[in-house]
file my_file.csv (CSV, C-alpha atoms)
chain,number,residue,atom,x,y,z
A,1,MET,CA,0.0,0.0,0.0
A,2,THR,CA,1.3,3.5,-0.8
A,3,GLU,CA,0.3,7.0,0.3
A,4,PRO,CA,-2.4,8.0,-2.3
A,5,SER,CA,-2.1,11.2,-4.2
A,6,ARG,CA,-4.8,13.8,-3.8
A,7,PRO,CA,-7.9,13.5,-6.0
A,8,ARG,CA,-7.8,15.6,-9.1
A,9,HIS,CA,-10.8,17.0,-11.1
A,10,ARG,CA,-10.6,17.3,-14.8
A,11,THR,CA,-12.7,17.2,-18.0
A,12,VAL,CA,-12.1,15.3,-21.2
A,13,ASP,CA,-13.8,15.2,-24.6
A,14,ALA,CA,-16.3,12.5,-25.3
A,15,PRO,CA,-19.2,11.9,-27.8
A,16,ALA,CA,-21.5,13.5,-25.2
A,17,GLY,CA,-19.4,16.6,-25.1
A,18,ARG,CA,-17.3,17.2,-22.0
A,19,LEU,CA,-17.1,14.5,-19.3
A,20,HIS,CA,-16.1,15.5,-15.8
A,21,LEU,CA,-14.1,13.0,-13.8
A,22,VAL,CA,-12.2,12.7,-10.6
A,23,GLU,CA,-8.9,10.6,-10.6
A,24,GLN,CA,-6.6,9.5,-7.9
A,25,GLY,CA,-3.4,7.4,-8.0
A,26,THR,CA,-1.2,5.9,-10.7
A,27,GLY,CA,-1.0,2.5,-12.1
A,28,PRO,CA,-3.4,0.3,-14.1
A,29,LEU,CA,-6.6,2.1,-14.9
A,30,VAL,CA,-9.8,1.3,-12.9
A,31,LEU,CA,-12.9,3.0,-14.2
A,32,LEU,CA,-15.7,3.5,-11.6
A,33,VAL,CA,-19.2,4.1,-13.0
A,34,HIS,CA,-22.0,5.3,-10.8
A,35,GLY,CA,-25.7,4.7,-10.9
A,36,PHE,CA,-28.9,6.6,-10.1
A,37,PRO,CA,-29.3,9.1,-8.5
A,38,GLU,CA,-25.6,9.6,-7.7
A,39,SER,CA,-22.4,11.0,-9.2
A,40,TRP,CA,-18.7,10.5,-9.1
A,41,TYR,CA,-19.0,11.2,-5.4
A,42,SER,CA,-20.5,7.8,-4.7
A,43,TRP,CA,-17.0,6.4,-5.2
A,44,ARG,CA,-15.4,8.8,-2.7
A,45,HIS,CA,-14.4,5.9,-0.4
A,46,GLN,CA,-12.9,3.8,-3.2
A,47,LEU,CA,-10.8,6.4,-4.9
A,48,PRO,CA,-8.2,6.7,-2.1
A,49,ALA,CA,-8.3,3.0,-1.3
A,50,LEU,CA,-7.6,2.0,-4.9
A,51,ALA,CA,-4.9,4.7,-5.3
A,52,ALA,CA,-3.2,3.4,-2.2
A,53,ALA,CA,-3.3,-0.1,-3.6
A,54,GLY,CA,-1.4,1.0,-6.7
A,55,TYR,CA,-4.2,1.8,-9.2
A,56,ARG,CA,-5.2,4.8,-11.2
A,57,ALA,CA,-8.8,5.1,-10.0
A,58,VAL,CA,-11.1,7.3,-12.2
A,59,ALA,CA,-14.7,8.1,-11.4
A,60,PRO,CA,-16.6,10.2,-14.0
A,61,ASP,CA,-19.9,11.9,-13.9
A,62,VAL,CA,-22.0,9.8,-16.3
A,63,ARG,CA,-23.5,12.0,-19.1
A,64,GLY,CA,-26.5,13.8,-17.8
A,65,TYR,CA,-25.1,14.1,-14.3
A,66,GLY,CA,-23.0,16.6,-12.4
A,67,ARG,CA,-20.5,18.6,-14.4
A,68,SER,CA,-20.7,16.3,-17.5
A,69,ALA,CA,-22.5,17.2,-20.7
A,70,ARG,CA,-26.3,16.9,-20.7
A,71,PRO,CA,-27.6,16.3,-24.2
A,72,SER,CA,-31.3,17.3,-24.6
A,73,ALA,CA,-32.6,14.4,-26.7
A,74,PRO,CA,-33.7,11.4,-24.6
A,75,GLU,CA,-32.2,8.9,-27.1
A,76,GLU,CA,-28.8,10.4,-26.5
A,77,TYR,CA,-28.8,8.4,-23.2
A,78,ARG,CA,-29.0,4.9,-24.8
A,79,MET,CA,-26.6,2.3,-23.6
A,80,ARG,CA,-24.3,2.2,-26.6
A,81,ALA,CA,-23.8,6.0,-26.3
A,82,LEU,CA,-22.8,5.7,-22.7
A,83,VAL,CA,-20.4,2.9,-23.5
A,84,GLU,CA,-18.8,5.1,-26.2
A,85,ASP,CA,-18.3,7.8,-23.6
A,86,ASN,CA,-16.4,5.4,-21.4
A,87,LEU,CA,-14.4,4.2,-24.4
A,88,ALA,CA,-13.5,7.8,-25.3
A,89,LEU,CA,-12.6,8.5,-21.6
A,90,VAL,CA,-10.1,5.6,-21.5
A,91,HIS,CA,-8.4,6.9,-24.7
A,92,ALA,CA,-8.5,10.5,-23.5
A,93,LEU,CA,-6.6,9.4,-20.4
A,94,GLY,CA,-3.9,8.0,-22.6
A,95,GLU,CA,-4.7,4.4,-21.8
A,96,ARG,CA,-5.6,1.4,-24.0
A,97,THR,CA,-7.3,-0.8,-21.5
A,98,ALA,CA,-9.1,-0.6,-18.2
A,99,VAL,CA,-10.9,-2.6,-15.5
A,100,VAL,CA,-14.5,-1.3,-15.4
A,101,ILE,CA,-16.5,-1.4,-12.2
A,102,GLY,CA,-20.1,-0.2,-11.9
A,103,HIS,CA,-22.9,0.2,-9.4
A,104,ASP,CA,-26.6,0.2,-10.1
A,105,TRP,CA,-27.1,1.5,-13.7
A,106,GLY,CA,-23.3,1.8,-13.7
A,107,ALA,CA,-23.1,-2.0,-13.4
A,108,ASN,CA,-25.2,-2.3,-16.6
A,109,ILE,CA,-23.0,0.3,-18.3
A,110,ALA,CA,-19.9,-1.6,-17.2
A,111,ALA,CA,-21.3,-4.9,-18.4
A,112,ALA,CA,-22.3,-3.5,-21.8
A,113,GLY,CA,-18.8,-2.0,-22.2
A,114,ALA,CA,-17.2,-5.3,-21.4
A,115,LEU,CA,-19.5,-7.0,-23.8
A,116,LEU,CA,-19.1,-4.6,-26.7
A,117,HIS,CA,-15.4,-3.8,-26.2
A,118,PRO,CA,-13.6,-6.7,-24.6
A,119,GLU,CA,-10.3,-5.5,-26.1
A,120,VAL,CA,-10.5,-2.4,-23.9
A,121,PHE,CA,-12.4,-3.5,-20.8
A,122,HIS,CA,-10.5,-6.6,-19.8
A,123,ALA,CA,-12.2,-7.2,-16.4
A,124,VAL,CA,-15.5,-6.1,-15.0
A,125,GLY,CA,-16.9,-5.7,-11.5
A,126,LEU,CA,-20.6,-5.4,-10.8
A,127,LEU,CA,-22.1,-3.9,-7.7
A,128,SER,CA,-25.7,-4.4,-6.7
A,129,VAL,CA,-27.0,-5.4,-10.2
A,130,PRO,CA,-26.0,-8.8,-11.4
A,131,TYR,CA,-25.3,-9.5,-15.1
A,132,THR,CA,-28.1,-10.6,-17.3
A,133,PRO,CA,-27.3,-11.2,-21.0
A,134,PRO,CA,-29.2,-9.0,-23.5
A,135,GLY,CA,-32.5,-10.5,-24.8
A,136,GLY,CA,-35.7,-11.6,-23.3
A,137,PRO,CA,-39.0,-9.8,-23.5
A,138,ARG,CA,-39.3,-6.1,-24.4
A,139,PRO,CA,-38.6,-4.3,-21.1
A,140,SER,CA,-41.6,-1.9,-21.2
A,141,GLU,CA,-43.9,-4.9,-21.6
A,142,ALA,CA,-42.3,-6.9,-18.9
A,143,LEU,CA,-42.3,-4.0,-16.5
A,144,ALA,CA,-46.0,-3.2,-17.1
A,145,ARG,CA,-46.9,-6.7,-15.8
A,146,MET,CA,-45.2,-6.0,-12.4
A,147,GLY,CA,-47.1,-4.9,-9.3
A,148,GLY,CA,-50.7,-5.5,-10.2
A,149,ASP,CA,-52.6,-2.3,-9.5
A,150,GLN,CA,-49.4,-0.7,-8.4
A,151,GLU,CA,-46.8,0.8,-10.8
A,152,PHE,CA,-43.1,-0.3,-10.6
A,153,TYR,CA,-40.8,2.7,-10.1
A,154,VAL,CA,-38.9,2.0,-13.4
A,155,SER,CA,-42.1,2.3,-15.4
A,156,TYR,CA,-42.9,5.5,-13.4
A,157,PHE,CA,-39.6,7.0,-14.3
A,158,GLN,CA,-40.1,6.3,-18.1
A,159,GLU,CA,-42.7,8.9,-18.8
A,160,PRO,CA,-40.8,12.2,-19.5
A,161,GLY,CA,-41.6,14.9,-16.9
A,162,ARG,CA,-43.6,12.8,-14.6
A,163,ALA,CA,-40.9,11.9,-12.0
A,164,GLU,CA,-39.4,15.4,-12.4
A,165,ALA,CA,-42.6,16.9,-11.3
A,166,GLU,CA,-42.4,14.9,-8.0
A,167,ILE,CA,-38.7,15.3,-7.4
A,168,GLU,CA,-37.7,18.8,-8.4
A,169,PRO,CA,-39.8,20.9,-6.1
A,170,ASP,CA,-37.8,19.5,-3.2
A,171,VAL,CA,-34.7,17.7,-4.5
A,172,ARG,CA,-32.9,17.4,-1.2
A,173,GLY,CA,-35.9,16.0,0.6
A,174,TRP,CA,-36.7,13.5,-2.2
A,175,LEU,CA,-33.1,12.3,-2.4
A,176,ALA,CA,-32.9,11.8,1.4
A,177,GLY,CA,-36.0,9.7,1.3
A,178,PHE,CA,-34.9,7.7,-1.7
A,179,TYR,CA,-31.5,6.9,-0.2
A,180,ALA,CA,-33.1,6.0,3.1
A,181,ALA,CA,-35.7,3.7,1.5
A,182,LEU,CA,-33.0,1.5,0.0
A,183,SER,CA,-30.5,1.5,2.9
A,184,ALA,CA,-30.3,-1.4,5.3
A,185,ASP,CA,-30.7,0.7,8.5
A,186,THR,CA,-33.6,2.9,7.3
A,187,MET,CA,-35.6,0.9,4.8
A,188,PRO,CA,-39.3,0.3,5.6
A,189,PRO,CA,-39.8,-2.9,7.6
A,190,PRO,CA,-41.6,-5.9,6.1
A,191,GLY,CA,-45.3,-5.4,5.8
A,192,ARG,CA,-45.1,-1.7,5.0
A,193,PRO,CA,-45.9,-0.4,1.5
A,194,ASP,CA,-43.0,-1.1,-0.8
A,195,PRO,CA,-41.2,2.1,-1.8
A,196,HIS,CA,-40.3,0.5,-5.2
A,197,PHE,CA,-43.9,0.9,-6.3
A,198,VAL,CA,-46.4,3.7,-6.8
A,199,GLY,CA,-50.0,3.3,-5.7
A,200,PRO,CA,-52.9,4.5,-7.9
A,201,GLY,CA,-52.7,8.3,-8.1
A,202,GLY,CA,-49.8,8.3,-5.6
A,203,THR,CA,-46.1,9.1,-5.6
A,204,LEU,CA,-42.9,7.3,-4.7
A,205,ARG,CA,-42.1,9.8,-2.0
A,206,GLU,CA,-45.1,9.0,0.1
A,207,ARG,CA,-43.6,5.6,0.8
A,208,PHE,CA,-40.2,6.8,1.8
A,209,PRO,CA,-39.0,7.0,5.4
A,210,ALA,CA,-39.4,10.5,6.7
A,211,ASN,CA,-36.8,12.6,8.5
A,212,ARG,CA,-34.3,9.7,8.8
A,213,LEU,CA,-30.8,9.7,7.2
A,214,PRO,CA,-29.1,6.3,6.8
A,215,SER,CA,-25.9,6.0,8.8
A,216,TRP,CA,-23.7,6.1,5.7
A,217,LEU,CA,-25.1,9.5,4.6
A,218,THR,CA,-24.0,12.7,6.4
A,219,GLU,CA,-25.7,16.0,6.0
A,220,ALA,CA,-22.7,17.2,4.0
A,221,ASP,CA,-23.0,14.2,1.7
A,222,LEU,CA,-26.6,14.9,1.1
A,223,ASP,CA,-25.8,18.6,0.5
A,224,HIS,CA,-23.3,17.5,-2.2
A,225,TYR,CA,-25.8,15.3,-4.1
A,226,ALA,CA,-28.7,17.7,-3.7
A,227,GLY,CA,-26.5,20.6,-4.9
A,228,GLU,CA,-25.6,18.8,-8.1
A,229,PHE,CA,-29.2,17.8,-8.9
A,230,GLU,CA,-30.6,21.2,-8.0
A,231,ARG,CA,-28.3,22.7,-10.5
A,232,THR,CA,-28.8,20.1,-13.3
A,233,GLY,CA,-32.3,18.9,-12.7
A,234,LEU,CA,-33.1,15.2,-12.9
A,235,THR,CA,-34.0,14.7,-16.6
A,236,GLY,CA,-30.5,13.7,-17.7
A,237,ALA,CA,-30.4,11.0,-15.0
A,238,LEU,CA,-33.9,9.8,-15.6
A,239,ASN,CA,-33.3,9.5,-19.4
A,240,ARG,CA,-31.4,6.3,-18.7
A,241,TYR,CA,-34.7,4.7,-17.8
A,242,ARG,CA,-36.3,6.0,-20.9
A,243,ASN,CA,-34.0,4.1,-23.2
A,244,MET,CA,-34.6,0.5,-22.0
A,245,ASP,CA,-36.5,-0.5,-25.1
A,246,ARG,CA,-33.9,1.2,-27.4
A,247,ASP,CA,-31.2,-0.8,-25.6
A,248,TRP,CA,-33.1,-4.0,-26.0
A,249,ALA,CA,-33.2,-3.4,-29.8
A,250,ASP,CA,-29.6,-2.0,-30.0
A,251,LEU,CA,-28.1,-5.0,-28.3
A,252,ALA,CA,-30.2,-7.7,-30.0
A,253,ASP,CA,-27.1,-8.9,-31.9
A,254,ARG,CA,-25.6,-9.9,-28.5
A,255,ASN,CA,-28.7,-11.7,-27.2
A,256,GLY,CA,-27.7,-14.4,-24.7
A,257,ALA,CA,-24.0,-13.5,-24.8
A,258,PRO,CA,-21.9,-14.2,-21.6
A,259,LEU,CA,-19.2,-12.0,-20.3
A,260,THR,CA,-16.0,-13.9,-20.6
A,261,GLN,CA,-13.6,-11.5,-18.9
A,262,PRO,CA,-12.5,-11.9,-15.2
A,263,SER,CA,-15.4,-10.6,-13.1
A,264,LEU,CA,-16.6,-9.9,-9.6
A,265,PHE,CA,-20.1,-9.4,-8.1
A,266,ILE,CA,-20.9,-7.7,-4.8
A,267,GLY,CA,-24.5,-7.1,-3.6
A,268,GLY,CA,-26.4,-6.3,-0.5
A,269,ALA,CA,-28.3,-9.1,1.1
A,270,LEU,CA,-31.1,-6.7,2.0
A,271,ASP,CA,-31.2,-5.0,-1.4
A,272,ALA,CA,-34.5,-5.8,-3.3
A,273,THR,CA,-32.4,-6.0,-6.5
A,274,THR,CA,-30.6,-9.1,-5.3
A,275,THR,CA,-33.9,-10.7,-4.3
A,276,TRP,CA,-35.7,-9.9,-7.6
A,277,MET,CA,-32.6,-11.0,-9.6
A,278,ALA,CA,-31.7,-14.0,-7.5
A,279,ASP,CA,-32.1,-16.2,-10.7
A,280,ALA,CA,-29.5,-14.0,-12.5
A,281,ILE,CA,-27.1,-14.4,-9.6
A,282,ALA,CA,-27.6,-18.1,-9.7
A,283,ALA,CA,-26.9,-18.1,-13.4
A,284,HIS,CA,-23.6,-16.3,-13.1
A,285,PRO,CA,-21.5,-19.5,-13.5
A,286,ALA,CA,-22.9,-19.6,-17.1
A,287,THR,CA,-23.3,-15.9,-17.8
A,288,LEU,CA,-20.0,-14.9,-16.1
A,289,PRO,CA,-17.8,-18.0,-16.7
A,290,ALA,CA,-14.7,-16.2,-15.4
A,291,LEU,CA,-16.4,-15.0,-12.2
A,292,ALA,CA,-13.8,-14.9,-9.5
A,293,SER,CA,-16.2,-14.6,-6.6
A,294,SER,CA,-19.7,-13.4,-5.7
A,295,HIS,CA,-20.6,-11.7,-2.4
A,296,LEU,CA,-23.9,-10.9,-0.7
A,297,LEU,CA,-23.1,-8.6,2.2
A,298,ASP,CA,-25.2,-9.4,5.3
A,299,GLY,CA,-27.1,-6.5,6.7
A,300,CYS,CA,-26.4,-4.3,3.6
A,301,GLY,CA,-28.8,-2.5,1.3
A,302,HIS,CA,-28.5,-1.1,-2.2
A,303,TRP,CA,-25.7,1.5,-1.7
A,304,VAL,CA,-23.0,-1.1,-1.1
A,305,GLN,CA,-19.8,0.9,-1.7
A,306,GLN,CA,-21.1,3.7,0.6
A,307,GLU,CA,-22.9,1.5,3.2
A,308,ARG,CA,-19.9,-0.9,3.6
A,309,PRO,CA,-16.9,0.9,2.2
A,310,ARG,CA,-14.2,-1.0,4.0
A,311,GLU,CA,-15.5,-4.4,3.1
A,312,VAL,CA,-16.1,-3.4,-0.5
A,313,ASN,CA,-12.6,-1.8,-0.7
A,314,ARG,CA,-11.1,-5.0,0.6
A,315,LEU,CA,-13.0,-7.2,-1.9
A,316,LEU,CA,-12.1,-4.9,-4.8
A,317,THR,CA,-8.4,-4.6,-4.1
A,318,SER,CA,-8.1,-8.4,-3.4
A,319,TRP,CA,-9.8,-9.1,-6.7
A,320,LEU,CA,-7.8,-6.6,-8.6
A,321,ALA,CA,-4.6,-8.1,-7.3
A,322,THR,CA,-5.5,-11.4,-8.9
A,323,LEU,CA,-5.8,-10.0,-12.4
A,324,ALA,CA,-3.0,-10.6,-14.9
A,325,PRO,CA,-1.8,-7.4,-16.6
A,326,PRO,CA,-3.9,-6.9,-19.7
A,327,ARG,CA,-2.4,-8.1,-23.0
A,328,PRO,CA,-1.7,-5.1,-25.3
A,329,PRO,CA,-3.8,-5.1,-28.4
A,330,ALA,CA,-2.1,-6.4,-31.5
call {"tool": "encode", "arguments": {"input": "my_file.csv", "output": "structure tokens"}}
result
Amino acid sequence: MTEPSRPRHRTVDAPAGRLHLVEQGTGPLVLLVHGFPESWYSWRHQLPALAAAGYRAVAPDVRGYGRSARPSAPEEYRMRALVEDNLALVHALGERTAVVIGHDWGANIAAAGALLHPEVFHAVGLLSVPYTPPGGPRPSEALARMGGDQEFYVSYFQEPGRAEAEIEPDVRGWLAGFYAALSADTMPPPGRPDPHFVGPGGTLRERFPANRLPSWLTEADLDHYAGEFERTGLTGALNRYRNMDRDWADLADRNGAPLTQPSLFIGGALDATTTWMADAIAAHPATLPALASSHLLDGCGHWVQQERPREVNRLLTSWLATLAPPRPPA
């Protein structure tokens, strides 16, 4: 372990326009991709740990977030476009290859990058969201069948302007409730209305815990997230949900394809995602044939790298240490 350098903010050119990133350390490149509703800041605990372990850790603001470009057209947030951003980022940093690690939507972006560009993304780590190969039913149709008379939050997010109308009048309060609803120490107990669904004529927020911050989230942390989204609005972030059918069509040529690179999965045992997608986790020996290890952290919710930073850092650095140096492209 070495003393890590200080984190450095910079911007680079990408297909979206300018991408903002934070980097720390020197060595093999490790790209950290955040999910919703987050930013580079969700990797604040991993950047110094990876730098100290001898890696160049880089956490960008995904397009639509933070200080990165925010294209206006919803279709500019399709998966292939986000993968091209990450590809451009690697090249702009003067590198040819990278390990890519993602959380939440970032896990999907990381997996798609590894699937489409294995020559660049030579290993992939997935946090909270397991790998599922492209294919299956059209997402909008599958989502519409969930929840009976209640509406699944993903479907709720897909209609332009609808979620924004709920969130943007009180961004800080909504984020606090959303983070708390999916955190192990503040999520609603069994038997209470599920915060992943909207009742008829209702909102997501009415099912969030009120006036309770999870232990991993300080007032200063919440101020950071809220300040970014108050400045940018939520449309860029929500546009990721509005491209699921486009992604389904765009990636049809890879239907059923496994990820063959070395891989790692970390999820929270109390995260609804790992429950709903238990079959996908069970299928990892086939869909991730080079999976090094899979971990469900007891007593942990959705925000794994923020809820359990020390444990996640240990798992990440141990896994990274097992990777052979990437073979330079011919």
call {"tool": "residues_around", "arguments": {"input": "my_file.csv", "residues": "segment 23-33 of chain A", "least_positions_apart": "5", "cutoff": "10 Å", "atoms": "only C-alpha atoms", "output": "PyMOL selection string"}}
result
chain A and resi 2-10+38-40+42-43+46-62+86+89-90+93+95-110+121+123-126+320+325-326
call {"tool": "closest_residue", "arguments": {"input": "my_file.csv", "among": "A:Leu270, A:Ala176, A:Ala321, A:Val171", "to": "Thr232 of chain A", "atoms": "only C-alpha atoms"}}
result
A:Val171
call {"tool": "residues_around", "arguments": {"input": "my_file.csv", "residues": "Ala292 of chain A", "least_positions_apart": "4", "cutoff": "12 Å", "atoms": "only C-alpha atoms", "output": "ChimeraX atom specification"}}
result
/A:123-126,260-266,284-285,288,315-316,318-323
call {"tool": "atom_distance", "arguments": {"input": "my_file.csv", "atom1": "atom CA of Val83 of chain A", "atom2": "atom CA of Gly17 of chain A"}}
result
13.8 Å
call {"tool": "atom_distance", "arguments": {"input": "my_file.csv", "atom1": "atom CA of Ser183 of chain A", "atom2": "atom CA of Glu307 of chain A"}}
result
7.6 Å
call {"tool": "residues_around", "arguments": {"input": "my_file.csv", "residues": "Asp253 of chain A", "least_positions_apart": "5", "cutoff": "10 Å", "atoms": "all atoms listed in the file", "output": "ChimeraX atom specification"}}
result
/A:134-135,248
call {"tool": "write_last_selection", "arguments": {"input": "my_file.csv", "atoms": "C-alpha atoms", "output": "compact mmCIF listing (two decimals), keeping the file's coordinate frame"}}
result
# COMPACT_ATOMS: atom_id res chain seq x y z
CA PRO A 134 -29.20 -9.00 -23.50
CA GLY A 135 -32.50 -10.50 -24.80
CA TRP A 248 -33.10 -4.00 -26.00
call {"tool": "closest_atom_pairs", "arguments": {"input": "my_file.csv", "of": "segment 207-290 of chain A", "to": "segment 186-199 of chain A", "cutoff": "12 Å", "atoms": "only C-alpha atoms", "output": "CSV"}}
result
residue,atom,partner,partner_atom,distance
A:Arg207,CA,A:Pro195,CA,5.0
A:Phe208,CA,A:Pro195,CA,6.0
A:Pro209,CA,A:Pro188,CA,6.7
A:Ala210,CA,A:Thr186,CA,9.6
A:Asn211,CA,A:Thr186,CA,10.3
A:Arg212,CA,A:Thr186,CA,7.0
A:Leu213,CA,A:Thr186,CA,7.4
A:Pro214,CA,A:Thr186,CA,5.7
A:Ser215,CA,A:Thr186,CA,8.4
A:Trp216,CA,A:Thr186,CA,10.5
A:Leu217,CA,A:Thr186,CA,11.1
A:Leu270,CA,A:Met187,CA,9.3
A:Asp271,CA,A:Met187,CA,9.6
A:Ala272,CA,A:His196,CA,8.8
A:Thr273,CA,A:His196,CA,10.3
A:Trp276,CA,A:His196,CA,11.6
call {"tool": "write_last_selection", "arguments": {"input": "my_file.csv", "atoms": "C-alpha atoms", "output": "PDB file, in the frame of the given file"}}
result
ATOM      1  CA  ARG A 207     -43.600   5.600   0.800  1.00  0.00           C
ATOM      2  CA  PHE A 208     -40.200   6.800   1.800  1.00  0.00           C
ATOM      3  CA  PRO A 209     -39.000   7.000   5.400  1.00  0.00           C
ATOM      4  CA  ALA A 210     -39.400  10.500   6.700  1.00  0.00           C
ATOM      5  CA  ASN A 211     -36.800  12.600   8.500  1.00  0.00           C
ATOM      6  CA  ARG A 212     -34.300   9.700   8.800  1.00  0.00           C
ATOM      7  CA  LEU A 213     -30.800   9.700   7.200  1.00  0.00           C
ATOM      8  CA  PRO A 214     -29.100   6.300   6.800  1.00  0.00           C
ATOM      9  CA  SER A 215     -25.900   6.000   8.800  1.00  0.00           C
ATOM     10  CA  TRP A 216     -23.700   6.100   5.700  1.00  0.00           C
ATOM     11  CA  LEU A 217     -25.100   9.500   4.600  1.00  0.00           C
ATOM     12  CA  LEU A 270     -31.100  -6.700   2.000  1.00  0.00           C
ATOM     13  CA  ASP A 271     -31.200  -5.000  -1.400  1.00  0.00           C
ATOM     14  CA  ALA A 272     -34.500  -5.800  -3.300  1.00  0.00           C
ATOM     15  CA  THR A 273     -32.400  -6.000  -6.500  1.00  0.00           C
ATOM     16  CA  TRP A 276     -35.700  -9.900  -7.600  1.00  0.00           C
TER      17      TRP A 276
END
call {"tool": "atom_distance", "arguments": {"input": "my_file.csv", "atom1": "atom CA of Ala237 of chain A", "atom2": "atom CA of Ala142 of chain A"}}
result
21.8 Å
call {"tool": "closest_residue", "arguments": {"input": "my_file.csv", "among": "A:Leu251, A:Tyr156, A:Gly236, A:Leu182", "to": "Ala16 of chain A", "atoms": "all atoms listed in the file"}}
result
A:Gly236
call {"tool": "closest_residue", "arguments": {"input": "my_file.csv", "among": "A:Leu234, A:Tyr179, A:Val120, A:Glu75", "to": "Val304 of chain A", "atoms": "all atoms listed in the file"}}
result
A:Tyr179
call {"tool": "residues_around", "arguments": {"input": "my_file.csv", "residues": "Ala14 of chain A", "least_positions_apart": "2", "cutoff": "10 Å", "atoms": "all atoms listed in the file", "output": "JSON, numbers by chain"}}
result
{"A": [11, 12, 16, 17, 18, 19, 20, 63, 68, 69, 81, 82, 84, 85, 86, 87, 88, 89, 91, 92]}
call {"tool": "closest_residue", "arguments": {"input": "my_file.csv", "among": "A:Arg240, A:Arg67, A:Arg172, A:His34", "to": "Asp221 of chain A", "atoms": "only C-alpha atoms"}}
result
A:Arg172
call {"tool": "closest_residue", "arguments": {"input": "my_file.csv", "among": "A:Pro258, A:Tyr65, A:Leu291, A:Gly136", "to": "Leu115 of chain A", "atoms": "only C-alpha atoms"}}
result
A:Pro258
call {"tool": "residues_around", "arguments": {"input": "my_file.csv", "residues": "Asp279 of chain A", "least_positions_apart": "4", "cutoff": "12 Å", "atoms": "all atoms listed in the file", "output": "list in words"}}
result
Val129, Pro130, Tyr131, Thr132, Thr273, Thr274, Thr275, Ala283, His284, Pro285, Ala286 and Thr287 of chain A
call {"tool": "closest_residue", "arguments": {"input": "my_file.csv", "among": "A:Pro37, A:Gly148, A:Pro71, A:Gly233", "to": "Pro169 of chain A", "atoms": "only C-alpha atoms"}}
result
A:Gly233
call {"tool": "residues_near_point", "arguments": {"input": "my_file.csv", "point": "(-25.8, -5.0, 5.0)", "cutoff": "8 Å", "atoms": "all atoms listed in the file", "output": "list of chain:residue names"}}
result
A:Ala184, A:Gly268, A:Ala269, A:Leu270, A:Leu297, A:Asp298, A:Gly299, A:Cys300, A:Gly301, A:Val304, A:Glu307, A:Arg308
call {"tool": "build_atoms", "arguments": {"input": "my_file.csv", "residues": "segment 184-188 of chain A", "atoms": "all heavy atoms", "output": "PDB file, in the frame of the given file"}}
result
ATOM      1  N   ALA A 184     -29.992  -0.278   4.392  1.00  0.00           N
ATOM      2  CA  ALA A 184     -30.300  -1.400   5.300  1.00  0.00           C
ATOM      3  C   ALA A 184     -30.881  -0.848   6.642  1.00  0.00           C
ATOM      4  O   ALA A 184     -31.812  -1.442   7.194  1.00  0.00           O
ATOM      5  CB  ALA A 184     -29.056  -2.186   5.594  1.00  0.00           C
ATOM      6  N   ASP A 185     -30.348   0.260   7.174  1.00  0.00           N
ATOM      7  CA  ASP A 185     -30.700   0.700   8.500  1.00  0.00           C
ATOM      8  C   ASP A 185     -31.958   1.601   8.535  1.00  0.00           C
ATOM      9  O   ASP A 185     -32.435   1.954   9.619  1.00  0.00           O
ATOM     10  CB  ASP A 185     -29.569   1.342   9.239  1.00  0.00           C
ATOM     11  CG  ASP A 185     -28.971   2.529   8.495  1.00  0.00           C
ATOM     12  OD1 ASP A 185     -29.250   2.692   7.295  1.00  0.00           O
ATOM     13  OD2 ASP A 185     -28.217   3.298   9.126  1.00  0.00           O
ATOM     14  N   THR A 186     -32.474   1.976   7.368  1.00  0.00           N
ATOM     15  CA  THR A 186     -33.600   2.900   7.300  1.00  0.00           C
ATOM     16  C   THR A 186     -34.741   2.428   6.414  1.00  0.00           C
ATOM     17  O   THR A 186     -35.774   3.095   6.334  1.00  0.00           O
ATOM     18  CB  THR A 186     -33.185   4.305   6.924  1.00  0.00           C
ATOM     19  OG1 THR A 186     -32.357   4.233   5.753  1.00  0.00           O
ATOM     20  CG2 THR A 186     -32.412   5.006   8.038  1.00  0.00           C
ATOM     21  N   MET A 187     -34.569   1.325   5.700  1.00  0.00           N
ATOM     22  CA  MET A 187     -35.600   0.900   4.800  1.00  0.00           C
ATOM     23  C   MET A 187     -36.876   0.494   5.522  1.00  0.00           C
ATOM     24  O   MET A 187     -36.821   0.081   6.682  1.00  0.00           O
ATOM     25  CB  MET A 187     -35.115  -0.270   3.896  1.00  0.00           C
ATOM     26  CG  MET A 187     -34.739  -1.522   4.650  1.00  0.00           C
ATOM     27  SD  MET A 187     -34.232  -2.896   3.550  1.00  0.00           S
ATOM     28  CE  MET A 187     -32.931  -2.183   2.562  1.00  0.00           C
ATOM     29  N   PRO A 188     -38.044   0.638   4.897  1.00  0.00           N
ATOM     30  CA  PRO A 188     -39.300   0.300   5.600  1.00  0.00           C
ATOM     31  C   PRO A 188     -39.275  -1.201   5.978  1.00  0.00           C
ATOM     32  O   PRO A 188     -38.756  -2.050   5.243  1.00  0.00           O
ATOM     33  CB  PRO A 188     -40.361   0.545   4.513  1.00  0.00           C
ATOM     34  CG  PRO A 188     -39.746   1.555   3.594  1.00  0.00           C
ATOM     35  CD  PRO A 188     -38.288   1.224   3.566  1.00  0.00           C
TER      36      PRO A 188
END
